[in-house]
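**Student:** Got a structure here, written out as structure tokens. Questions coming.
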Amino acid sequence: MFTYVGNEANLPTWWTVTLLVGSALLHVQAGGLARRTGARGAAAWWVLASLLALLALDELTALHERLDVWGLALTDAGFAFPWLVLGAPIAFAIIAVALFAGRHLPRRSTLLSLGGIVVLFLSAVGLEAVGGLLLGDQQGEFQGESLPYTLLMHLEEFGEMAGAALTVCGPLAALRIRRSGGEFALALAVR
């Protein structure tokens, strides 16, 4: 049960949530450090932290699955994951907000944080859409007997974990340790 990736409540989901929460906290800290040191981009760090926290909440509670009702109402075609009808535009909106915020971060941090969000969505939304095409209209049925679908589910979960891990690296890439005399201080790289 804990290792089966066909359901949301599994160890890979837990790990992705843990990474996203850790990443959100690191982004909050980077924003605080930027504000304390007068570096540009404090609000951008906090916007990304908020997005990451929302993604963690969604992953933990599977809120996106509850979009199925509206997805079914908007489409008459049989599709295994109707939540994608609304989920894909929401994902694009989140990516757009992240891109806008990322313009104010150091380049390497932007690439890691935003790259992680994009990898996460390509896996969660993109591979789920491919899985939906493989399954057709089998929504709610046991889907673990198809080898291609099972492999795709594992790739999807791996991609989500990899994307979340990249977002953790974003604020860490901006940290600079400065030594002044016998003391060390943290600073933030600027764009």
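Residues in the structure tokens are numbered from 1 in each chain, the chains being A, B, ... in the order shown, and ligands are numbered from 1 in the order shown.
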Please provide the set of residues having any atom within 6 Å of region 52-60 of chain A, restricted to only C-alpha atoms, with same-chain residues fewer than 3 positions apart removed, written as an NGL selection string.
**Tutor:** :A and (17 or 20-21 or 24 or 49 or 63)
**Student:** Can I get the selection written as a PDB file, in the first residue's frame, with C-alpha atoms?
**Tutor:**
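What follows is the written file part.pdb:
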```pdb
ATOM      1  CA  VAL A  17       5.404  16.698   0.126  1.00  0.00           C
ATOM      2  CA  LEU A  20       8.028  20.832  -1.140  1.00  0.00           C
ATOM      3  CA  VAL A  21       7.500  21.910   2.471  1.00  0.00           C
ATOM      4  CA  ALA A  24       8.876  26.477   0.838  1.00  0.00           C
ATOM      5  CA  ALA A  49       7.397  29.929  -1.104  1.00  0.00           C
ATOM      6  CA  LEU A  63      -7.067  18.397  -3.986  1.00  0.00           C
TER       7      LEU A  63
END
```
**Student:** Have a look at A:Leu25, A:Leu105, A:Cys169, A:Val125 and name the one nearest to Trp83 (chain A); count only C-alpha atoms.
**Tutor:**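 Nearest to Trp83 (chain A): A:Val125.
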**Student:** Quick one: DSSP alpha helix (DSSP H) residues in region 22-88 of chain A, as a ChimeraX atom specification?
**Tutor:** /A:22-37,42-61,68-74,84-88
**Student:** Using only C-alpha atoms, which residue out of A:Val168, A:Ala187, A:Asp68, A:Ile90 lies closest to Thr18 (chain A)?
**Tutor:**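 The shortest atom-to-atom distance to Thr18 (chain A) comes from A:Val168.
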**Student:** For each of A:Leu147, A:Leu133, A:Val190, A:Ala93, take the minimum atom-to-atom distance to Thr37 (chain A), counting only C-alpha atoms, then give the residue where this is smallest.
**Tutor:**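 Selected residue with least distance to Thr37 (chain A): A:Val190.
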**Student:** From the list A:Thr167, A:Gln29, A:Ser50, A:Ser113, which residue is nearest Leu186 (chain A) when using only C-alpha atoms?
**Tutor:**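 Closest candidate: A:Gln29.
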